[in-house]
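For reference, the structure discussed in these notes is given below.
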Amino acid sequence: MTRRHFAKHMAGASMMAGTAALMGNSINVHAEEMRKNQKSAILLWMGGGPSTIDMWDMKPGTATGGPFNPISTSGDMQICEHMPETAKQMHNLSVVRSMSTREADHNRGRYYMHTGYVPNPNIEHPGYGSVLAHELYGQRDGLAIPPFVSIGGASTGPGFLGMAWAPFSVTSNGQIRNLKMQLEERRLLQRMAALDVIESGFIGRTRASAATEHQKVLKKTLDLMTSEQMKAFKVDEEPEAMKEMYGTNRFGQGCLLARRLVEASVPFIEVDLGGWDNHAGIFPTLADTKLPQMDKAMGALTADLEQRGLLENTAIIWMGEFGRTPRINAGAGRDHFARAWSCVVGGGGLKGGLAVGETSSDGSTVESEPFSSEDLMATVCRGLGISLETTYTSKNGRPMKIAGGGKLIRELIV
């Protein structure tokens with residue numbers, strides 16, 4: 001994150017000011033209640049294509065099943081033995097086992113699962129994070145933090161929605177590079193005041209729109225640098241017991257930061273956990289590294305949000321770009337597979353504890369109604385109270401329905 005990148009966000013933020021709802025004096029009276037009623041979403045992005053047949057839709061005792069055993073959960077399904085903490089939270093989460101998509105290339109799959117559209121050279125579609133931030137931002141009042149924060153990795157951009165809705169990237173410990181000035185606050189404020197006088201004079205003489213926007217950018221940047229809301233990024237201030245509960249690795253601390261940002265009223269947060277492209281040696285990688293990291297953080301995040309009264313209004317979405325083949329290859333790994341795989345959702349007004357859909361006994365085909373990226377996101381939108389009739393107009397004048405016009409996964413609708 002550079003100052004230039006940050007300034008782009010603040011330029012966008014200056015254009016968003018008019019969209020926030022004005023709530024009057026009741027904001028102060030009911031601030032805590034309003035904060036809990038604000039909708040948010042957290043995407044746990046598993047870059048590389050996780051092997052969902054070894055996690056959420058196991059086939060024990062078959063040639064494709066692998067060595068792991070299923071365990072019971074607090075919901076109406078079994079999951080992998082290497083996810084005991086998440087198993088305790090499955091009454092809050094549901095597995096969609098009948099995902100069936102067509103993009104089995106990393107870049108195309110990533111784009112499709114983030115946008116609901118296949119890549120098109122003529123148009124850049126907005127990512128779901130930008131879309132949900134755009135739709136949920138109006139519930140906020142006085143939010144200084146950008147409405148879409150990406151933790152630990154890059155996300156898909158805002159497309160035709162514009163830079164106001166681009167992901168604001170930070171590290172898992174909340175660091176924003178090059179934002180802190182090596183200058184005491186009094187000197188900083190003096191310099192900003194002097195610059196404001198110069199720019200105001202220039203604007204008064206020339207009526208230059210670029211200078212006006214630059215002045216707004218500086219004000220937004222200064223507001224955030226001096227805002228109390230910046231404390232949300234200070235994960236290191238959490239008690240040691242809380243850090244340990246989530247896991248002290250990057251993904252664990254990223255999920256802890258996500259919870260802090262939900263508390264600060266940020267509409268959309270994405271937390272990245274890569275390393276799932278396991279074409280060889282998949283089972284020790286999953287058992288020893290990937291699943292323990294993911295399980296501890298995901299279980300802690302779900303439990304923590306519920307305990308704080310935030311889960312009902314915060315959707316959790318777990319997904320990668322595709323799944324992995326039922327067939328175990330010669331390198332004891334699994335390859336790319338988009339025909340039949342699983343995603344997980346919970347919170348945010350959706351039903352938990354369910355396993356939706358069914359795959360064949362070897363996991364090679366979907367045996368029930370198939371679901372797509374668009375369907376998953378349409379369902380999340382409904383849970384968050386966003387109208388599926390919402391339509392955007394792209395830069396080339398084409399109308400585009402929210403969530404790609406996907407259909408609802410009815411089993412998950414309360």
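Chain labels run A, B, ... following the order of the structure tokens; each chain numbers its residues from 1, and ligands are numbered from 1 in the order shown.
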>> Residues near A:Pro126, anyone? I mean within 9 Å using only C-alpha atoms, not counting same-chain ones fewer than 6 positions away, as a PyMOL selection string.
In response: chain A and resi 114-115+156-162+165-166
>> Give me the residues near A:Trp276 as a list in words, where near means some atom within 6 Å (using only C-alpha atoms) and where sequence neighbours in that chain fewer than 4 positions away do not count.
In response: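 What passes the distance filter is Gly48, Gly49 and Pro50 of chain A.
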>> Neighbouring residues of A:Ser172 were defined as those with any atom within 9 Å, considering only C-alpha atoms; residues of the same chain fewer than 2 positions away were excluded. Please report them as JSON, numbers by chain.
In response: {"A": [151, 152, 153, 170, 174, 175, 235, 249, 250, 251, 252, 253, 254, 255, 256, 257, 271]}
For C-alpha atoms, I'd like the residues from the last selection saved as a PDB file, in the first residue's frame.
```
ATOM      1  CA  ILE A 151      -6.198  -8.779   4.047  1.00  0.00           C
ATOM      2  CA  GLY A 152      -3.069 -10.728   3.227  1.00  0.00           C
ATOM      3  CA  GLY A 153      -3.432 -10.711  -0.555  1.00  0.00           C
ATOM      4  CA  VAL A 170      -3.372  -4.433   4.164  1.00  0.00           C
ATOM      5  CA  GLY A 174      -3.007  -4.440   9.870  1.00  0.00           C
ATOM      6  CA  GLN A 175       0.034  -2.598   8.523  1.00  0.00           C
ATOM      7  CA  VAL A 235      -4.458  -6.391  15.940  1.00  0.00           C
ATOM      8  CA  ASN A 249      -0.042 -17.380  11.740  1.00  0.00           C
ATOM      9  CA  ARG A 250      -0.924 -14.831   9.048  1.00  0.00           C
ATOM     10  CA  PHE A 251      -4.339 -16.293   8.228  1.00  0.00           C
ATOM     11  CA  GLY A 252      -5.336 -16.512  11.873  1.00  0.00           C
ATOM     12  CA  GLN A 253      -4.385 -12.910  12.551  1.00  0.00           C
ATOM     13  CA  GLY A 254      -6.057 -11.875   9.298  1.00  0.00           C
ATOM     14  CA  CYS A 255      -9.344 -13.397  10.479  1.00  0.00           C
ATOM     15  CA  LEU A 256      -8.957 -11.633  13.825  1.00  0.00           C
ATOM     16  CA  LEU A 257      -8.438  -8.365  11.947  1.00  0.00           C
ATOM     17  CA  VAL A 271      -8.973 -12.715   3.997  1.00  0.00           C
TER      18      VAL A 271
END
```
> Smallest atom-to-atom distance to A:Leu261: which of A:Thr248, A:Thr52, A:Gln229, A:Ser72, using only C-alpha atoms?
Replying inline: A:Gln229
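For stretch 199-328 of chain A, a DSSP pass over the backbone yields strand (DSSP E) at Phe268, Ile269, Glu270, Val271, Asp272, Thr314, Ala315, Ile316, Ile317, Trp318, Met319, Gly323 and Arg324 of chain A.
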With all heavy atoms retained, export the selected residues as an mmCIF file, in the first residue's frame.
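After the write, result-v9.cif holds the following:
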```cif
data_model
loop_
_atom_site.group_PDB
_atom_site.id
_atom_site.type_symbol
_atom_site.label_atom_id
_atom_site.label_comp_id
_atom_site.auth_asym_id
_atom_site.auth_seq_id
_atom_site.Cartn_x
_atom_site.Cartn_y
_atom_site.Cartn_z
ATOM 1 N N PHE A 268 -17.249 -4.980 3.781
ATOM 2 C CA PHE A 268 -16.751 -6.207 3.165
ATOM 3 C C PHE A 268 -15.267 -6.372 3.444
ATOM 4 O O PHE A 268 -14.478 -5.446 3.247
ATOM 5 C CB PHE A 268 -16.974 -6.195 1.646
ATOM 6 C CG PHE A 268 -16.749 -7.551 1.011
ATOM 7 C CD1 PHE A 268 -17.800 -8.431 0.844
ATOM 8 C CD2 PHE A 268 -15.481 -7.935 0.605
ATOM 9 C CE1 PHE A 268 -17.597 -9.679 0.283
ATOM 10 C CE2 PHE A 268 -15.266 -9.188 0.042
ATOM 11 C CZ PHE A 268 -16.325 -10.062 -0.118
ATOM 12 N N ILE A 269 -14.913 -7.569 3.898
ATOM 13 C CA ILE A 269 -13.520 -7.898 4.181
ATOM 14 C C ILE A 269 -13.202 -9.231 3.520
ATOM 15 O O ILE A 269 -13.981 -10.179 3.623
ATOM 16 C CB ILE A 269 -13.256 -8.003 5.695
ATOM 17 C CG1 ILE A 269 -13.710 -6.739 6.432
ATOM 18 C CG2 ILE A 269 -11.782 -8.284 5.960
ATOM 19 C CD1 ILE A 269 -15.014 -6.876 7.161
ATOM 20 N N GLU A 270 -12.075 -9.309 2.845
ATOM 21 C CA GLU A 270 -11.606 -10.562 2.267
ATOM 22 C C GLU A 270 -10.291 -10.947 2.935
ATOM 23 O O GLU A 270 -9.400 -10.106 3.089
ATOM 24 C CB GLU A 270 -11.394 -10.422 0.756
ATOM 25 C CG GLU A 270 -10.888 -11.694 0.088
ATOM 26 C CD GLU A 270 -10.887 -11.617 -1.429
ATOM 27 O OE1 GLU A 270 -11.642 -10.791 -1.987
ATOM 28 O OE2 GLU A 270 -10.128 -12.379 -2.055
ATOM 29 N N VAL A 271 -10.192 -12.209 3.364
ATOM 30 C CA VAL A 271 -8.973 -12.715 3.997
ATOM 31 C C VAL A 271 -8.421 -13.830 3.120
ATOM 32 O O VAL A 271 -9.130 -14.788 2.790
ATOM 33 C CB VAL A 271 -9.231 -13.234 5.418
ATOM 34 C CG1 VAL A 271 -7.908 -13.546 6.118
ATOM 35 C CG2 VAL A 271 -10.045 -12.235 6.234
ATOM 36 N N ASP A 272 -7.156 -13.715 2.760
ATOM 37 C CA ASP A 272 -6.554 -14.636 1.800
ATOM 38 C C ASP A 272 -5.756 -15.734 2.503
ATOM 39 O O ASP A 272 -4.979 -15.481 3.412
ATOM 40 C CB ASP A 272 -5.615 -13.851 0.873
ATOM 41 C CG ASP A 272 -4.969 -14.737 -0.182
ATOM 42 O OD1 ASP A 272 -5.592 -14.931 -1.232
ATOM 43 O OD2 ASP A 272 -3.847 -15.222 0.062
ATOM 44 N N THR A 314 -23.552 -10.791 9.765
ATOM 45 C CA THR A 314 -22.275 -10.894 9.056
ATOM 46 C C THR A 314 -22.216 -12.224 8.310
ATOM 47 O O THR A 314 -22.200 -13.285 8.934
ATOM 48 C CB THR A 314 -21.078 -10.812 10.027
ATOM 49 O OG1 THR A 314 -21.176 -9.604 10.792
ATOM 50 C CG2 THR A 314 -19.767 -10.818 9.269
ATOM 51 N N ALA A 315 -22.200 -12.165 6.997
ATOM 52 C CA ALA A 315 -22.101 -13.384 6.190
ATOM 53 C C ALA A 315 -20.643 -13.837 6.123
ATOM 54 O O ALA A 315 -19.734 -13.025 5.938
ATOM 55 C CB ALA A 315 -22.626 -13.132 4.778
ATOM 56 N N ILE A 316 -20.427 -15.139 6.300
ATOM 57 C CA ILE A 316 -19.122 -15.751 6.086
ATOM 58 C C ILE A 316 -19.203 -16.579 4.816
ATOM 59 O O ILE A 316 -20.114 -17.394 4.652
ATOM 60 C CB ILE A 316 -18.720 -16.646 7.278
ATOM 61 C CG1 ILE A 316 -18.570 -15.807 8.548
ATOM 62 C CG2 ILE A 316 -17.423 -17.387 6.975
ATOM 63 C CD1 ILE A 316 -18.311 -16.647 9.792
ATOM 64 N N ILE A 317 -18.266 -16.355 3.916
ATOM 65 C CA ILE A 317 -18.236 -17.085 2.641
ATOM 66 C C ILE A 317 -16.863 -17.737 2.523
ATOM 67 O O ILE A 317 -15.842 -17.049 2.588
ATOM 68 C CB ILE A 317 -18.452 -16.134 1.446
ATOM 69 C CG1 ILE A 317 -19.684 -15.247 1.661
ATOM 70 C CG2 ILE A 317 -18.568 -16.918 0.133
ATOM 71 C CD1 ILE A 317 -19.619 -13.919 0.954
ATOM 72 N N TRP A 318 -16.832 -19.044 2.359
ATOM 73 C CA TRP A 318 -15.575 -19.788 2.187
ATOM 74 C C TRP A 318 -15.573 -20.387 0.790
ATOM 75 O O TRP A 318 -16.495 -21.146 0.439
ATOM 76 C CB TRP A 318 -15.466 -20.892 3.240
ATOM 77 C CG TRP A 318 -14.216 -21.719 3.182
ATOM 78 C CD1 TRP A 318 -13.108 -21.584 3.955
ATOM 79 C CD2 TRP A 318 -13.942 -22.827 2.297
ATOM 80 N NE1 TRP A 318 -12.163 -22.524 3.615
ATOM 81 C CE2 TRP A 318 -12.654 -23.307 2.599
ATOM 82 C CE3 TRP A 318 -14.664 -23.465 1.285
ATOM 83 C CZ2 TRP A 318 -12.070 -24.384 1.934
ATOM 84 C CZ3 TRP A 318 -14.088 -24.529 0.612
ATOM 85 C CH2 TRP A 318 -12.800 -24.978 0.943
ATOM 86 N N MET A 319 -14.554 -20.071 -0.008
ATOM 87 C CA MET A 319 -14.491 -20.652 -1.352
ATOM 88 C C MET A 319 -13.118 -20.427 -1.961
ATOM 89 O O MET A 319 -12.344 -19.581 -1.507
ATOM 90 C CB MET A 319 -15.565 -20.071 -2.265
ATOM 91 C CG MET A 319 -15.417 -18.592 -2.584
ATOM 92 S SD MET A 319 -16.771 -18.009 -3.630
ATOM 93 C CE MET A 319 -16.303 -16.296 -3.891
ATOM 94 N N GLY A 323 -12.584 -26.874 -7.195
ATOM 95 C CA GLY A 323 -12.158 -27.960 -6.322
ATOM 96 C C GLY A 323 -11.012 -28.732 -6.951
ATOM 97 O O GLY A 323 -10.302 -28.218 -7.826
ATOM 98 N N ARG A 324 -10.849 -29.985 -6.518
ATOM 99 C CA ARG A 324 -9.784 -30.826 -7.061
ATOM 100 C C ARG A 324 -10.348 -32.204 -7.408
ATOM 101 O O ARG A 324 -11.371 -32.629 -6.878
ATOM 102 C CB ARG A 324 -8.618 -30.916 -6.081
ATOM 103 C CG ARG A 324 -8.093 -29.539 -5.697
ATOM 104 C CD ARG A 324 -6.689 -29.573 -5.161
ATOM 105 N NE ARG A 324 -5.685 -29.670 -6.226
ATOM 106 C CZ ARG A 324 -5.276 -28.646 -6.964
ATOM 107 N NH1 ARG A 324 -5.786 -27.433 -6.803
ATOM 108 N NH2 ARG A 324 -4.355 -28.819 -7.883
#
```
>> I need the residue nearest A:Glu103 from this list: A:Ala241, A:Asp236, A:Gly116, A:Ser368. Use only C-alpha atoms for the distance.
In response: A:Gly116
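Using only C-alpha atoms, the protein and nucleic acid residues lying no more than 12 Å from A:Thr285, apart from those fewer than 3 places from it along its own chain, are A:Pro50, A:Ser51, A:Asp54, A:His82, A:Gly275, A:Trp276, A:Asp277, A:Asn278, A:His279, A:Ala280, A:Gly281, A:Ile282, A:Asp288, A:Thr289, A:Lys290, A:Leu291, A:Pro292, A:Gln293, A:Ala332, A:Gly333, A:Arg334.
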> What lies within 9 Å of stretch 361-365 of chain A using only C-alpha atoms, ignoring chain neighbours under 5 positions off, as an MDAnalysis selection string?
Replying inline: chainID A and resid 53 57:59 62:65 98 100 325:327 339:341
>> Just list as a ChimeraX atom specification whatever in stretch 20-258 of chain A DSSP marks as alpha helix (DSSP H).
In response: /A:26-29,31-37,84-87,106-115,128-136,185-206,209-225,240-246,250-258
> What gap, in Å, lies between atom CA of A:Gly383 and atom CA of A:Ser155?
Replying inline: 22.7 Å
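Shortest separation to A:Cys80 among A:Tyr111, A:Phe168, A:Trp45, A:Phe283 occurs at residue A:Phe283, atoms counted being only C-alpha atoms.
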> How many Å lie between atom CA of A:Lys39 and atom CA of A:Gly385, rounded to one decimal?
Replying inline: 8.4 Å
>> Please report the interatomic distance between atom CA of A:Lys234 and atom CA of A:Arg260 in Å with one decimal.
In response: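 That distance, rounded to one decimal, is 8.8 Å.
For the residues A:Gly142, A:Gly357, A:Pro167, A:Gly320, ranking by smallest atom-to-atom distance to A:Ser130 using only C-alpha atoms places A:Pro167 first.
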> Using only C-alpha atoms, which residue out of A:Glu358, A:Glu263, A:Glu199, A:Glu228 lies closest to A:Trp56?
Replying inline: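 Closest to A:Trp56, using only C-alpha atoms: A:Glu358.
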>> What's around A:Thr391 at 6 Å? Count only C-alpha atoms, leave out sequence neighbours fewer than 6 positions away in its own chain, and write the answer as an MDAnalysis selection string.
In response: chainID A and resid 400:402
> Which one of A:Ala303, A:Val266, A:Ala232, A:Ala258 sits closest to A:Glu85 if you count only C-alpha atoms?
Replying inline: A:Ala303
Exercise: A:Thr101 partners within 12 Å, only C-alpha atoms, chain neighbours under 6 positions left out, as a tab-separated table (two decimals) with N, CA, C and O atoms, in the first residue's frame:
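Dumped to around_16.tsv:
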```
chain	number	residue	atom	x	y	z
A	108	ARG	N	-8.84	-17.65	-14.67
A	108	ARG	CA	-10.24	-17.56	-15.09
A	108	ARG	C	-11.19	-17.96	-13.95
A	108	ARG	O	-12.23	-17.34	-13.73
A	109	GLY	N	-10.81	-19.00	-13.21
A	109	GLY	CA	-11.63	-19.42	-12.09
A	109	GLY	C	-11.70	-18.39	-10.99
A	109	GLY	O	-12.75	-18.15	-10.39
A	110	ARG	N	-10.56	-17.77	-10.73
A	110	ARG	CA	-10.53	-16.71	-9.72
A	110	ARG	C	-11.44	-15.55	-10.12
A	110	ARG	O	-12.22	-15.04	-9.31
A	112	TYR	N	-13.98	-15.62	-12.25
A	112	TYR	CA	-15.38	-16.04	-12.27
A	112	TYR	C	-15.96	-16.14	-10.85
A	112	TYR	O	-17.07	-15.66	-10.59
A	113	MET	N	-15.23	-16.75	-9.92
A	113	MET	CA	-15.76	-16.92	-8.57
A	113	MET	C	-15.82	-15.59	-7.81
A	113	MET	O	-16.57	-15.46	-6.84
A	116	GLY	N	-18.80	-13.64	-10.88
A	116	GLY	CA	-19.98	-14.26	-11.49
A	116	GLY	C	-19.98	-14.19	-13.01
A	116	GLY	O	-20.95	-14.58	-13.64
A	117	TYR	N	-18.88	-13.71	-13.59
A	117	TYR	CA	-18.76	-13.60	-15.04
A	117	TYR	C	-17.44	-14.22	-15.49
A	117	TYR	O	-16.45	-14.16	-14.77
A	118	VAL	N	-17.45	-14.78	-16.70
A	118	VAL	CA	-16.19	-15.25	-17.28
A	118	VAL	C	-15.44	-14.02	-17.80
A	118	VAL	O	-16.05	-13.01	-18.14
A	320	GLY	N	-12.82	-21.22	-2.99
A	320	GLY	CA	-11.67	-21.01	-3.84
A	320	GLY	C	-12.14	-20.91	-5.28
A	320	GLY	O	-13.34	-20.73	-5.54
A	321	GLU	N	-11.22	-21.04	-6.22
A	321	GLU	CA	-11.61	-20.88	-7.62
A	321	GLU	C	-12.25	-22.14	-8.21
A	321	GLU	O	-12.96	-22.07	-9.21
A	322	PHE	N	-12.00	-23.29	-7.61
A	322	PHE	CA	-12.60	-24.57	-8.02
A	322	PHE	C	-12.19	-25.61	-6.98
A	322	PHE	O	-11.55	-25.29	-5.97
A	323	GLY	N	-12.58	-26.87	-7.19
A	323	GLY	CA	-12.16	-27.96	-6.32
A	323	GLY	C	-11.01	-28.73	-6.95
A	323	GLY	O	-10.30	-28.22	-7.83
A	336	HIS	N	-6.89	-29.91	-10.98
A	336	HIS	CA	-8.00	-28.96	-11.04
A	336	HIS	C	-9.30	-29.66	-11.41
A	336	HIS	O	-9.33	-30.51	-12.30
A	337	PHE	N	-10.40	-29.22	-10.75
A	337	PHE	CA	-11.70	-29.86	-11.02
A	337	PHE	C	-12.82	-28.89	-10.66
A	337	PHE	O	-12.95	-28.48	-9.51
A	338	ALA	N	-13.60	-28.51	-11.66
A	338	ALA	CA	-14.68	-27.54	-11.45
A	338	ALA	C	-16.06	-28.15	-11.58
A	338	ALA	O	-17.06	-27.48	-11.31
A	339	ARG	N	-16.14	-29.40	-11.97
A	339	ARG	CA	-17.44	-30.01	-12.28
A	339	ARG	C	-18.28	-30.31	-11.04
A	339	ARG	O	-19.50	-30.25	-11.08
A	340	ALA	N	-17.63	-30.65	-9.92
A	340	ALA	CA	-18.37	-31.00	-8.71
A	340	ALA	C	-17.50	-30.70	-7.50
A	340	ALA	O	-16.49	-31.35	-7.29
A	341	TRP	N	-17.91	-29.71	-6.71
A	341	TRP	CA	-17.11	-29.32	-5.55
A	341	TRP	C	-17.98	-28.56	-4.55
A	341	TRP	O	-19.19	-28.48	-4.73
A	342	SER	N	-17.37	-28.02	-3.49
A	342	SER	CA	-18.13	-27.43	-2.40
A	342	SER	C	-17.68	-26.02	-2.04
A	342	SER	O	-16.51	-25.68	-2.18
A	343	CYS	N	-18.64	-25.23	-1.57
A	343	CYS	CA	-18.38	-23.95	-0.92
A	343	CYS	C	-19.12	-23.95	0.42
A	343	CYS	O	-19.99	-24.79	0.65
A	365	THR	N	-19.42	-36.31	-10.11
A	365	THR	CA	-20.51	-35.56	-10.73
A	365	THR	C	-21.48	-35.06	-9.67
A	365	THR	O	-21.57	-35.62	-8.57
A	366	VAL	N	-22.23	-34.02	-10.01
A	366	VAL	CA	-23.29	-33.52	-9.14
A	366	VAL	C	-24.57	-34.30	-9.44
A	366	VAL	O	-24.98	-34.41	-10.59
A	370	PRO	N	-27.45	-28.36	-9.59
A	370	PRO	CA	-26.12	-27.72	-9.52
A	370	PRO	C	-26.25	-26.23	-9.22
A	370	PRO	O	-27.24	-25.58	-9.58
A	371	PHE	N	-25.22	-25.69	-8.57
A	371	PHE	CA	-25.20	-24.28	-8.24
A	371	PHE	C	-23.90	-23.64	-8.74
A	371	PHE	O	-22.87	-24.30	-8.85
A	372	SER	N	-24.00	-22.35	-9.03
A	372	SER	CA	-22.90	-21.60	-9.63
A	372	SER	C	-22.42	-20.50	-8.69
A	372	SER	O	-23.00	-20.27	-7.63
A	373	SER	N	-21.39	-19.80	-9.11
A	373	SER	CA	-20.92	-18.63	-8.38
A	373	SER	C	-22.05	-17.60	-8.24
A	373	SER	O	-22.25	-17.02	-7.17
A	374	GLU	N	-22.77	-17.39	-9.32
A	374	GLU	CA	-23.87	-16.42	-9.30
A	374	GLU	C	-24.94	-16.81	-8.29
A	374	GLU	O	-25.48	-15.96	-7.57
A	375	ASP	N	-25.27	-18.11	-8.23
A	375	ASP	CA	-26.30	-18.58	-7.31
A	375	ASP	C	-25.86	-18.37	-5.86
A	375	ASP	O	-26.64	-17.95	-5.01
A	376	LEU	N	-24.61	-18.70	-5.58
A	376	LEU	CA	-24.08	-18.54	-4.22
A	376	LEU	C	-24.16	-17.08	-3.80
A	376	LEU	O	-24.61	-16.76	-2.69
```
